[in-house]
Structures are given as C-alpha cells and as structure tokens.
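What follows is one structure encoded as structure tokens, with my remarks underneath.
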Amino acid sequence: MNHSYNHSLSANSPLTKKSVNRCFDGEQHYYSHQSTSTKTPMTFSIYLPDEALAGRLCPAILYLSGLTCNADNVTHKAHFQQKCSELGMILIAPDTSPRSSEGHDVPNDERYFVGQGASYYVDATQAPWADNFNMQSYIVDELYDLLRSEFPIHSIGITGHSMGGHGALLLGFKFPSKFVSVSALSPVCAASESAWGEAAYTEYFGKDESLWSQADASKTIEKVGQQYSSILVDQGAADNFLAEGQLQTSKLQQACEKAKQPLTLRYQAGHDHSYYFIQSVINDHIEHHWRMAQLS
Ligand SMILES: N[C@@H](CCC(=O)N[C@@H](CSC=O)C(=O)NCC(=O)O)C(=O)O
C-alpha cells in the first residue's frame with residue numbers, strides 16, 4: 001500500500017504529536033494532551049494502519065495496561081502492530097494514571113499497587129486522590145470523545161491486561177453503549193476482593209466496603225447481565241498472581257454464568273503473567289475485536 005498518507009489533526013486539536021514510526025503497513029504514533037479529568041498532561045500511543053492514515057473509518061481497540069505500566073509496555077512488548085496492520089485496526093494504549101510533572105503535583109504511594117501507575121480505571125472520591133485520579137471519566141468520556149473526533153474510528157472495543165483487564169471488563173459492562181466488544185488478558189476479576197484492590201479502594205473510596213462493588217468487574221457483570229454476544233478472556237495457567245489470589249478468575253466465570261453472558265475463558269498451559277504471554281495470544285484478541293466490529 002502507498003505509504004505517503006499523512007494523518008492530520010483538527011485545526012484546534014488539543015493533541016501534541018510526540019513521535020511517529022513506520023511499522024508494518026501503518027504508523028505507531030504517540031500524543032500528549034492536557035486532561036480536564038486528571039488535571040495533568042496525559043500521554044497515549046495509537047497505531048494507525050494505512051487505511052486509517054488514508055482517512056478510511058477503521059475499528060479500534062482501547063488497550064488498558066496493568067499496574068506499574070505506561071503506554072510503552074504494550075506498544076513495545078506485545079507485538080500487536082502486524083496483526084492490526086493486516087486487519088486494518090487501530091489500537092490505542094493510554095497511560096494508567098495521572099503522574100507528577102513540572103507544575104503538576106499528583107499524590108503518590110510507595111506501594112506499586114496504589115498511586116501513580118495504578119489507577120484501577122475508577123473515579124476516586126476521597127482526598128487526596130479525588131482531584132486527579134479520575135481515570136474512568138478520562139477513558140470513557142474525555143479520551144473516548146477525543147479519539148473519535150481526531151481519528152477515523154468506526155467503532156471501539158476494549159481490552160486490557162491484569163488491572164487493565166479489570167478496567168476493560170468493568171468499563172465494558174458499565175458503559176456497553178460505548179464499546180462493541182470486550183476481551184481481557186489475565187484480568188483481575190474481583191478487584192474489591194483482591195489484596196491490591198482492597199489497599200487501593202480503601203484509599204480511593206474510604207473504608208465502607210459497600211462502595212467498592214461498583215468498582216468490581218465480576219459484581220458489575222452479575223448486576224447488569226449479558227451485554228455482548230461473547231467475551232474472550234485468556235489466563236496463563238502458570239501465572240504467579242493467579243496462584244496468589246489476586247486474579248480470582250473463577251469469580252468471573254461464576255458471574256458470567258449468573259448473568260448469562262457468554263464467555264470464552266482459556267487457561268493457557270505453562271504461561272505466566274508477562275508480556276511473553278500477551279504476545280502469544282494478542283492476535284486472537286485483535287481478531288475477536290475485528291469480528292465483533294464487523295457485526296456492529
Ligand atoms: N512485582 C512487580 C509487579 C508489577 C507487575 O507485574 N506489573 C504487571 C501488571 S500486574 C497487574 O496489573 C505488568 O504488566 N508489568 C509490566 C511489564 O512490562 O511486564 C513490580 O514490583 O513491578
């Protein structure tokens with residue numbers, strides 16, 4: 001395909017282009033912008049296949065990353081670009097939380113599962129987090145609208161890894177009118193009952209645990225019922241976080257059964273929690289979102 005296409009931002013775009021790299025039949029871009037939800041600068045990566053660079057509407061996947069990640073982890077390590085190029089799919093990877101930068105002081109915590117790099121994709125209600133930690137609003141309102149106005153997007157599916165898998169399931173089922181498809185890789189399935197989530201939700205929502213269920217993927221699925229014709233979840237059978245009880249995959253399975261939500265849950269023998277696992281199954285997830293987008 002001719003690669004002389006040049007995607008242009010709108011005249012008053014709030015986005016600043018940070019980098020462009022040719023990759024297969026498409027381009028890997030990075031952008032930053034000032035977010036009204038987090039009150040900080042935010043960065044995201046976006047892979048644009050040549051169809052999108054030529055201005056044709058393409059299906060998109062929003063990929064939410066896990067604890068300690070930023071946009072780089074999936075962009076550099078998941079190897080999704082070739083399959084997205086083949087199918088003509090856009091993939092967007094936002095940062096996982098607001099972060100401190102010059103002129104922007106954001107709360108933090110010495111635990112890697114609380115604070116900067118660990119948002120849980122919820123809107124915090126307690127000080128000091130509530131000012132900046134509004135990642136649910138950032139993803140489903142601000143970034144969602146920005147992406148649709150600045151890029152040729154036909155429809156958006158949502159996926160993610162680990163705490164990002166929690167985010168994909170949670171936001172996919174809380175806001176089904178926004179997403180045409182959902183999948184997850186090694187997701188935290190019941191964040192309100194995992195040690196990571198208990199620590200973070202005490203900070204973000206306070207000690208009243210009844211407030212935590214609205215930030216729990218399995219409880220949300222059970223509450224709202226079937227929303228998608230099928231969802232795809234892959235889980236490494238040799239994942240240390242599964243063994244430690246952080247992921248609780250069986251709770252997702254039970255919730256989907258109660259909700260009558262069709263679920264394809266695959267335990268992958270020998271696979272751990274790392275991006276080597278993600279590389280091994282990411283093509284199936286891209287194809288899942290592509291198929292669902294064709295039906296939308
Ligand atoms: N012990 C590690 C924990 C961090 C970690 O494993 N992060 C995972 C996600 S875990 C759940 O959300 C991850 O995706 N890491 C990035 C990567 O590139 O592998 C630590 O202390 O850092």
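Within each chain, counting starts at residue 1; across the structure tokens, chains are named A, B, ... in the order shown, with ligands numbered 1 upward in that order.
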
Using backbone DSSP assignments, extract all strand (DSSP E or B) residues from stretch 79-275 of chain A; output them as a ChimeraX atom specification. /A:90-94,101,104,115,118,123,134,153-161,181-185,231-236,263-268

Export of the given selection (N, CA and C atoms) as a compact mmCIF listing (two decimals), in the first residue's frame:
```
# COMPACT_ATOMS: atom_id res chain seq x y z
N ILE A 90 -7.08 -0.04 14.41
CA ILE A 90 -6.39 0.96 15.24
C ILE A 90 -6.26 0.37 16.65
N LEU A 91 -5.13 0.61 17.32
CA LEU A 91 -5.03 0.21 18.74
C LEU A 91 -4.48 1.40 19.54
N ILE A 92 -5.21 1.74 20.59
CA ILE A 92 -4.85 2.89 21.44
C ILE A 92 -4.44 2.38 22.82
N ALA A 93 -3.31 2.86 23.33
CA ALA A 93 -2.85 2.49 24.67
C ALA A 93 -2.67 3.76 25.51
N PRO A 94 -3.63 4.03 26.41
CA PRO A 94 -3.48 5.19 27.30
C PRO A 94 -2.49 4.90 28.43
N SER A 101 4.41 15.98 37.11
CA SER A 101 5.34 16.52 36.12
C SER A 101 5.56 17.97 36.52
N HIS A 104 2.80 20.08 38.02
CA HIS A 104 1.66 19.23 38.36
C HIS A 104 2.08 18.25 39.44
N GLY A 115 -1.55 4.43 43.70
CA GLY A 115 -0.93 5.70 43.31
C GLY A 115 -0.56 5.76 41.85
N ALA A 118 -1.09 3.19 38.85
CA ALA A 118 -2.03 2.17 39.37
C ALA A 118 -3.40 2.79 39.62
N ASP A 123 -13.09 6.50 39.29
CA ASP A 123 -13.01 7.89 39.75
C ASP A 123 -12.96 7.87 41.28
N ASN A 134 -9.17 10.29 38.25
CA ASN A 134 -10.49 10.18 37.63
C ASN A 134 -10.35 9.46 36.30
N ILE A 153 -12.33 6.63 13.32
CA ILE A 153 -12.70 5.44 14.09
C ILE A 153 -14.14 5.04 13.78
N HIS A 154 -14.31 3.77 13.40
CA HIS A 154 -15.63 3.23 13.07
C HIS A 154 -16.36 2.80 14.35
N SER A 155 -15.63 2.10 15.23
CA SER A 155 -16.23 1.59 16.48
C SER A 155 -15.07 1.26 17.42
N ILE A 156 -15.39 1.13 18.72
CA ILE A 156 -14.32 0.90 19.69
C ILE A 156 -14.63 -0.33 20.54
N GLY A 157 -13.66 -1.23 20.61
CA GLY A 157 -13.71 -2.35 21.54
C GLY A 157 -12.72 -2.09 22.67
N ILE A 158 -12.87 -2.82 23.78
CA ILE A 158 -11.99 -2.55 24.92
C ILE A 158 -11.36 -3.86 25.43
N THR A 159 -10.06 -3.80 25.69
CA THR A 159 -9.34 -4.94 26.25
C THR A 159 -8.31 -4.43 27.25
N GLY A 160 -7.62 -5.34 27.91
CA GLY A 160 -6.58 -4.90 28.83
C GLY A 160 -5.96 -6.09 29.53
N HIS A 161 -4.84 -5.81 30.21
CA HIS A 161 -4.07 -6.84 30.89
C HIS A 161 -4.05 -6.59 32.39
N SER A 181 -17.15 -4.44 21.75
CA SER A 181 -16.56 -5.73 22.09
C SER A 181 -15.68 -5.60 23.33
N VAL A 182 -15.53 -6.72 24.05
CA VAL A 182 -14.73 -6.77 25.29
C VAL A 182 -13.89 -8.03 25.28
N SER A 183 -12.64 -7.88 25.69
CA SER A 183 -11.81 -9.06 25.97
C SER A 183 -10.86 -8.68 27.10
N ALA A 184 -10.15 -9.68 27.63
CA ALA A 184 -9.19 -9.37 28.71
C ALA A 184 -8.11 -10.44 28.76
N LEU A 185 -6.92 -10.01 29.17
CA LEU A 185 -5.77 -10.91 29.34
C LEU A 185 -5.38 -10.92 30.82
N ILE A 231 -17.57 -12.72 25.10
CA ILE A 231 -16.34 -12.03 25.50
C ILE A 231 -15.23 -13.08 25.58
N LEU A 232 -13.99 -12.63 25.34
CA LEU A 232 -12.84 -13.54 25.30
C LEU A 232 -11.88 -13.20 26.44
N VAL A 233 -11.52 -14.20 27.23
CA VAL A 233 -10.54 -14.00 28.32
C VAL A 233 -9.48 -15.09 28.23
N ASP A 234 -8.22 -14.69 28.22
CA ASP A 234 -7.11 -15.63 28.29
C ASP A 234 -6.39 -15.48 29.62
N GLN A 235 -6.02 -16.61 30.20
CA GLN A 235 -5.34 -16.62 31.50
C GLN A 235 -4.21 -17.64 31.48
N GLY A 236 -3.01 -17.23 31.82
CA GLY A 236 -1.89 -18.16 31.93
C GLY A 236 -2.10 -19.09 33.12
N LEU A 263 -19.03 -16.49 27.66
CA LEU A 263 -17.62 -16.21 27.96
C LEU A 263 -16.77 -17.33 27.37
N THR A 264 -15.76 -16.96 26.58
CA THR A 264 -14.74 -17.92 26.17
C THR A 264 -13.54 -17.69 27.08
N LEU A 265 -13.35 -18.60 28.03
CA LEU A 265 -12.25 -18.48 29.01
C LEU A 265 -11.24 -19.57 28.71
N ARG A 266 -10.01 -19.16 28.40
CA ARG A 266 -8.98 -20.15 28.03
C ARG A 266 -7.82 -20.08 29.02
N TYR A 267 -7.54 -21.19 29.69
CA TYR A 267 -6.34 -21.29 30.52
C TYR A 267 -5.22 -21.79 29.62
N GLN A 268 -4.12 -21.05 29.52
CA GLN A 268 -3.03 -21.39 28.61
C GLN A 268 -1.91 -22.03 29.41
```

Per-residue nearest contacts stretch 126-163 of chain A to stretch 25-37 of chain A, cut-off 12 Å, using only C-alpha atoms, as CSV:
```
residue,atom,partner,partner_atom,distance
A:Ala130,CA,A:Ser37,CA,10.2
A:Asp131,CA,A:Ser37,CA,8.6
A:Asn132,CA,A:Ser37,CA,7.0
A:Phe133,CA,A:Ser37,CA,8.1
A:Asn134,CA,A:Ser37,CA,5.8
A:Met135,CA,A:Ser37,CA,7.3
A:Gln136,CA,A:Ser37,CA,8.9
A:Ser137,CA,A:Ser37,CA,6.3
A:Tyr138,CA,A:Ser37,CA,5.3
A:Ile139,CA,A:Ser37,CA,9.2
A:Val140,CA,A:Ser37,CA,10.7
A:Asp141,CA,A:Ser37,CA,8.9
A:Glu142,CA,A:Ser37,CA,7.2
A:Leu143,CA,A:Ser35,CA,8.6
A:Leu146,CA,A:His33,CA,10.1
A:Leu147,CA,A:Tyr31,CA,11.0
A:Glu150,CA,A:Tyr31,CA,11.4
A:Phe151,CA,A:His29,CA,11.8
```

As an mmCIF file with C-alpha atoms, in the first residue's frame, please: all residues of stretch 171-208 of chain A that backbone DSSP puts in alpha helix (DSSP H).
```
data_model
loop_
_atom_site.group_PDB
_atom_site.id
_atom_site.type_symbol
_atom_site.label_atom_id
_atom_site.label_comp_id
_atom_site.auth_asym_id
_atom_site.auth_seq_id
_atom_site.Cartn_x
_atom_site.Cartn_y
_atom_site.Cartn_z
ATOM 1 C CA LEU A 171 -15.838 -0.189 31.821
ATOM 2 C CA GLY A 172 -17.084 -2.532 29.076
ATOM 3 C CA PHE A 173 -20.011 -3.623 31.265
ATOM 4 C CA LYS A 174 -20.661 -0.235 32.928
ATOM 5 C CA ALA A 195 -5.278 -7.595 48.161
ATOM 6 C CA TRP A 196 -4.286 -4.996 45.537
ATOM 7 C CA GLY A 197 -7.824 -3.628 45.219
ATOM 8 C CA GLU A 198 -8.514 -3.649 48.955
ATOM 9 C CA ALA A 199 -5.477 -1.406 49.502
ATOM 10 C CA ALA A 200 -6.333 0.946 46.660
ATOM 11 C CA TYR A 201 -10.097 1.171 47.290
ATOM 12 C CA THR A 202 -9.513 1.991 50.971
ATOM 13 C CA GLU A 203 -7.550 4.997 49.687
ATOM 14 C CA TYR A 204 -9.850 5.962 46.776
ATOM 15 C CA PHE A 205 -13.320 5.303 48.297
#
```

Interface rows for chain A against ligand 1: nearest pair, Å to one decimal, 8 Å, only C-alpha atoms and all ligand atoms, as CSV:
```
residue,atom,partner,partner_atom_place_in_ligand_line,distance
A:Ser65,CA,ligand 1,14 (O),6.5
A:Gly66,CA,ligand 1,12 (O),3.4
A:Leu67,CA,ligand 1,12 (O),3.8
A:Thr68,CA,ligand 1,7 (N),5.4
A:Cys69,CA,ligand 1,16 (C),5.3
A:Asn73,CA,ligand 1,18 (O),4.8
A:Val74,CA,ligand 1,18 (O),7.3
A:Lys77,CA,ligand 1,18 (O),7.2
A:Tyr112,CA,ligand 1,21 (O),6.1
A:Phe113,CA,ligand 1,3 (C),7.9
A:Ala118,CA,ligand 1,12 (O),7.8
A:His161,CA,ligand 1,12 (O),6.6
A:Ser162,CA,ligand 1,12 (O),4.1
A:Met163,CA,ligand 1,12 (O),3.8
A:Gly164,CA,ligand 1,12 (O),6.3
A:Gly165,CA,ligand 1,12 (O),8.0
A:Pro187,CA,ligand 1,12 (O),7.9
A:Val188,CA,ligand 1,11 (C),7.4
A:Phe241,CA,ligand 1,10 (S),7.9
A:His273,CA,ligand 1,6 (O),7.2
A:Ser274,CA,ligand 1,19 (O),5.1
A:Tyr275,CA,ligand 1,19 (O),5.6
```

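Minimum atom-to-atom distance to A:Ala190, evaluated using only C-alpha atoms, belongs to A:Leu247 out of A:Cys256, A:Ala237, A:Leu211, A:Leu247.
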
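Atom CA of A:Lys39 to atom CA of A:Pro152 spans 26.5 Å [interatomic distance, one decimal].
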
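Rounded to one decimal, atom CA of A:Ser97 and atom CA of A:Ser119 lie 5.0 Å from each other.
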